[in-house]
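For reference, query_33.txt (compact mmCIF, C-alpha atoms and all ligand atoms):
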# COMPACT_ATOMS: atom_id res chain seq x y z
CA MET K 20 -52.19 -99.22 31.58
CA GLU K 21 -53.05 -97.38 28.38
CA GLY K 22 -56.58 -95.96 28.52
CA CYS K 23 -57.10 -96.89 32.15
CA PRO K 24 -58.36 -94.47 34.82
CA PRO K 25 -56.11 -92.80 37.42
CA GLY K 26 -55.95 -94.63 40.77
CA ASP K 27 -57.65 -91.91 42.80
CA LEU K 28 -60.74 -91.89 40.54
CA LEU K 29 -60.87 -95.68 40.72
CA GLU K 30 -60.64 -95.64 44.52
CA ALA K 31 -63.43 -93.06 44.80
CA ALA K 32 -65.77 -95.10 42.59
CA LYS K 33 -64.88 -98.36 44.31
CA ARG K 34 -65.64 -96.85 47.73
CA VAL K 35 -69.29 -96.15 46.83
CA ALA K 36 -69.94 -98.92 44.29
CA GLY K 37 -71.56 -101.23 46.86
CA ASN K 38 -74.22 -98.54 47.44
CA ALA K 39 -75.53 -98.66 43.86
CA TYR K 40 -79.30 -99.17 44.04
CA ALA K 41 -80.23 -101.33 41.05
CA PRO K 42 -82.83 -103.92 42.17
CA TYR K 43 -84.67 -103.79 38.81
CA SER K 44 -81.88 -104.03 36.26
CA GLY K 45 -79.25 -105.73 38.41
CA PHE K 46 -76.78 -103.45 36.63
CA ARG K 47 -74.84 -101.59 39.31
CA VAL K 48 -72.80 -98.57 38.31
CA ALA K 49 -70.60 -96.14 40.20
CA SER K 50 -69.03 -92.98 38.85
CA ALA K 51 -66.32 -90.60 40.01
CA VAL K 52 -65.65 -87.21 38.45
CA ARG K 53 -62.67 -84.91 38.87
CA ALA K 54 -63.77 -81.28 38.83
CA GLU K 55 -61.79 -78.15 37.94
CA SER K 56 -60.76 -77.64 41.60
CA GLY K 57 -59.12 -81.08 41.58
CA ARG K 58 -61.72 -82.46 43.98
CA ILE K 59 -63.35 -85.80 43.25
CA TYR K 60 -67.09 -86.48 43.58
CA ALA K 61 -68.72 -89.89 43.40
CA GLY K 62 -72.18 -91.23 42.63
CA VAL K 63 -74.08 -94.46 42.04
CA ASN K 64 -77.14 -95.30 39.97
CA VAL K 65 -80.41 -94.98 41.87
CA GLU K 66 -83.34 -96.91 40.37
CA ASN K 67 -87.04 -96.59 41.12
CA SER K 68 -90.09 -98.85 40.85
CA SER K 69 -91.36 -96.20 38.42
CA TYR K 70 -88.50 -97.12 36.07
CA GLY K 71 -88.23 -93.82 34.22
CA LEU K 72 -87.26 -92.01 37.42
CA THR K 73 -83.95 -93.87 37.55
CA VAL K 74 -80.87 -91.66 37.63
CA CYS K 75 -77.50 -92.83 36.31
CA ALA K 76 -74.37 -92.81 38.45
CA GLU K 77 -72.66 -90.19 36.25
CA ARG K 78 -75.43 -87.65 36.72
CA VAL K 79 -75.46 -88.20 40.49
CA ALA K 80 -71.69 -87.55 40.56
CA VAL K 81 -71.90 -84.44 38.34
CA PHE K 82 -74.80 -82.99 40.35
CA SER K 83 -72.87 -83.54 43.56
CA ALA K 84 -69.91 -81.64 42.07
CA VAL K 85 -72.15 -78.75 40.99
CA THR K 86 -73.85 -78.74 44.41
CA ASN K 87 -70.41 -78.22 45.91
CA GLY K 88 -69.72 -75.19 43.72
CA GLU K 89 -67.92 -76.81 40.78
CA ARG K 90 -68.63 -75.62 37.25
CA ALA K 91 -66.26 -77.70 35.12
CA ILE K 92 -65.60 -81.43 34.92
CA ARG K 93 -62.15 -82.59 33.80
CA GLU K 94 -62.41 -86.40 34.05
CA VAL K 95 -65.20 -88.94 34.42
CA LEU K 96 -65.02 -92.61 35.34
CA VAL K 97 -67.84 -95.09 34.69
CA TYR K 98 -67.30 -98.15 36.92
CA ALA K 99 -69.71 -100.90 35.81
CA LEU K 100 -69.75 -103.65 38.44
CA ASP K 101 -71.94 -106.13 36.61
CA SER K 102 -70.50 -105.90 33.14
CA GLU K 103 -67.54 -107.64 31.57
CA GLU K 104 -67.46 -104.83 29.03
CA PRO K 105 -66.45 -101.29 29.94
CA VAL K 106 -69.44 -98.97 29.31
CA PHE K 107 -69.53 -95.32 28.32
CA PRO K 108 -72.20 -92.89 29.59
CA CYS K 109 -75.68 -92.88 28.02
CA GLY K 110 -76.74 -90.01 25.76
CA ALA K 111 -78.56 -88.16 28.53
CA CYS K 112 -75.45 -88.20 30.73
CA LEU K 113 -73.24 -87.07 27.83
CA GLN K 114 -75.50 -84.05 27.35
CA VAL K 115 -75.37 -83.25 31.08
CA LEU K 116 -71.57 -83.58 31.02
CA SER K 117 -71.30 -81.28 28.01
CA GLU K 118 -72.93 -78.49 30.07
CA PHE K 119 -69.82 -78.54 32.27
CA SER K 120 -67.30 -79.15 29.48
CA PRO K 121 -67.80 -76.34 26.95
CA GLU K 122 -64.81 -77.44 24.84
CA GLY K 123 -65.68 -81.13 25.04
CA ASP K 124 -62.18 -81.90 26.31
CA THR K 125 -63.33 -83.87 29.36
CA ILE K 126 -61.77 -87.35 29.44
CA VAL K 127 -64.18 -90.22 29.95
CA TYR K 128 -62.90 -93.56 31.28
CA ALA K 129 -64.93 -96.77 31.11
CA TYR K 130 -63.86 -99.56 33.45
CA SER K 131 -65.08 -103.07 34.28
CA PRO K 132 -63.77 -104.33 37.64
CA ARG K 133 -64.87 -107.86 36.62
CA SER K 134 -62.65 -108.10 33.59
CA GLY K 135 -60.17 -105.35 34.42
CA ARG K 136 -60.76 -103.90 30.95
CA CYS K 137 -60.71 -100.16 30.42
CA GLU K 138 -61.25 -97.72 27.60
CA ARG K 139 -60.91 -93.99 27.26
CA ALA K 140 -62.44 -91.33 25.01
CA SER K 141 -62.96 -87.57 25.01
CA LEU K 142 -66.44 -86.17 25.51
CA ARG K 143 -66.09 -84.56 22.06
CA GLU K 144 -65.62 -88.01 20.50
CA LEU K 145 -68.64 -89.41 22.34
CA LEU K 146 -70.97 -86.44 21.68
CA PRO K 147 -69.48 -84.47 18.79
CA ARG K 148 -72.42 -82.14 18.16
CA ALA K 149 -73.81 -81.50 21.63
CA PHE K 150 -76.88 -79.32 21.88
CA ARG K 151 -76.18 -75.78 23.08
CA LEU K 152 -78.51 -72.85 23.48
CA GLY K 153 -77.55 -70.24 20.90
CA HIS K 154 -78.42 -67.35 23.16
CA ARG K 155 -79.31 -66.53 26.71
CA ILE K 156 -82.12 -64.23 27.69
N1 LIG K 201 -76.62 -96.72 34.10
C1 LIG K 201 -75.73 -95.87 34.70
O1 LIG K 201 -75.84 -95.58 35.90
N2 LIG K 201 -74.72 -95.37 33.95
C2 LIG K 201 -74.44 -95.76 32.66
O2 LIG K 201 -73.48 -95.29 32.07
C3 LIG K 201 -75.32 -96.73 31.99
C4 LIG K 201 -76.59 -97.04 32.69
C5 LIG K 201 -77.65 -97.33 34.94
C6 LIG K 201 -79.07 -96.90 34.71
C7 LIG K 201 -79.83 -98.12 35.20
O3 LIG K 201 -79.96 -98.04 36.60
C8 LIG K 201 -78.93 -99.28 34.87
O4 LIG K 201 -77.63 -98.75 34.69
C9 LIG K 201 -79.33 -100.07 33.63
O5 LIG K 201 -79.54 -99.22 32.56

Is it possible to give me this structure as structure tokens?
Amino acid sequence: MEGCPPGDLLEAAKRVAGNAYAPYSGFRVASAVRAESGRIYAGVNVENSSYGLTVCAERVAVFSAVTNGERAIREVLVYALDSEEPVFPCGACLQVLSEFSPEGDTIVYAYSPRSGRCERASLRELLPRAFRLGHRI
């Protein structure tokens, strides 16, 4: 279907979705990212009783990819279990994604398994003027 995520990304997110740890918000999210190597990495949101320490599913997935040696992210899926609406990544996650998508050409898919609705956008559309350091020491 137009704008819907590829089956292998969906499967990877679905596999871990039940592990989302969201006792405070009740908003469970899974994510799957396809890195430059073609490998897929998944993550879930992990909340904390000190709310601000919560980490979104997308960042968990990206950090897992980087931990495994990846340095570029081609596709991202946000799989929001408890939402009828597909949701796109928060601003913090968009900035983290932009670190591994210098051209902003990463494709981001938002999918709600409840409604079956999906949407798609490029990272450039979602964060058109991402912060970048102008120089490195
Ligand atoms: N959350 C994600 O994991 N990804 C998103 O794209 C949106 C928000 C999480 C953070 C928190 O655990 C819960 O959803 C409610 O904000």

Counting all atoms listed in the file, which residues sit no farther than 12 Å from the position (-63.6, -81.5, 30.1) in the file's frame? I'd like them as number ranges by chain.
K: 52-55, 90-95, 113, 115-127, 140-144

Of the candidates K:Ser69, K:Ser56, K:Ser50, K:Gln114, which one gets nearest to K:Pro24 if we count all atoms listed in the file?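 Nearest candidate to K:Pro24 out of K:Ser69, K:Ser56, K:Ser50, K:Gln114: K:Ser50.
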
Separating atom CA of K:Val85 from atom CA of K:Arg58, to the nearest tenth of an Å, is a gap of 11.5 Å

Using all atoms listed in the file, which residues of chain K come within 6 Å of ligand LIG 201 (chain K), and what is the closest atom pair for each, with the distance in Å to one decimal? Give it as a Markdown table, sorted by chain and residue number.
| residue | atom | partner | partner_atom | distance |
| --- | --- | --- | --- | --- |
| K:Ala41 | CA | K:LIG201 | O3 | 5.5 |
| K:Ser44 | CA | K:LIG201 | C9 | 5.4 |
| K:Phe46 | CA | K:LIG201 | C8 | 5.0 |
| K:Val48 | CA | K:LIG201 | O1 | 4.9 |
| K:Asn64 | CA | K:LIG201 | O1 | 4.3 |
| K:Glu66 | CA | K:LIG201 | O3 | 5.2 |
| K:Thr73 | CA | K:LIG201 | O3 | 5.8 |
| K:Cys75 | CA | K:LIG201 | O1 | 3.2 |
| K:Ala76 | CA | K:LIG201 | O1 | 4.0 |
| K:Phe107 | CA | K:LIG201 | O2 | 5.4 |
| K:Pro108 | CA | K:LIG201 | O2 | 3.7 |
| K:Cys109 | CA | K:LIG201 | O2 | 5.2 |

Discussion item. With only C-alpha atoms as the counted atoms, please give the residues lying no more than 8 Å from K:Leu28, apart from itself and same-chain residues fewer than 2 positions off, as a list in words.
Written reply: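 Within the cut-off, the hits are Pro24, Pro25, Gly26, Glu30, Ala31, Ala32, Ala51, Val52, Arg53, Ile59 and Leu96 of chain K.
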
| At what distance in Å, to one decimal, does atom CA of K:Glu77 lie from atom CA of K:Tyr40? |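 Value for the atom CA of K:Tyr40-atom CA of K:Glu77 distance: 13.6 Å.
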
Residue with the minimum atom-to-atom distance to K:Phe82, picked from K:Leu146, K:Cys112, K:Leu152, K:Ala39 with all atoms listed in the file counted, is K:Cys112

In terms of the shortest atom-to-atom distance over only C-alpha atoms, which of K:Ala129, K:Val97, K:Leu145, K:Cys137 is closest to K:Glu21?
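Nearest to K:Glu21: K:Cys137.
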
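Reported to one decimal place, the separation of atom CA of K:Gly57 from atom CA of K:Ala84 is 10.8 Å.
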
Selection near K:Asp101, 9 Å with all atoms listed in the file, sequence-local residues under 5 positions removed, as a ChimeraX atom specification: /K:45-48,131-133

Save the residues we just selected, C-alpha atoms, as a CSV table (one decimal), in the coordinates of the input?
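In the end it all went to part10.csv:
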chain,number,residue,atom,x,y,z
K,45,GLY,CA,-79.2,-105.7,38.4
K,46,PHE,CA,-76.8,-103.4,36.6
K,47,ARG,CA,-74.8,-101.6,39.3
K,48,VAL,CA,-72.8,-98.6,38.3
K,131,SER,CA,-65.1,-103.1,34.3
K,132,PRO,CA,-63.8,-104.3,37.6
K,133,ARG,CA,-64.9,-107.9,36.6

request  = Select, from K:Tyr60, K:Tyr43, K:Tyr70, K:Tyr98, the residue with the minimum atom-to-atom distance to K:Arg136, counting all atoms listed in the file.
outcome  =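 Of K:Tyr60, K:Tyr43, K:Tyr70, K:Tyr98, the one nearest K:Arg136 is K:Tyr98, counting all atoms listed in the file.
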
- For K:Ala49, which residue among K:Tyr130, K:Gly110, K:Gly22, K:Thr86 is the nearest when counting all atoms listed in the file?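 Nearest candidate to K:Ala49 out of K:Tyr130, K:Gly110, K:Gly22, K:Thr86: K:Tyr130.
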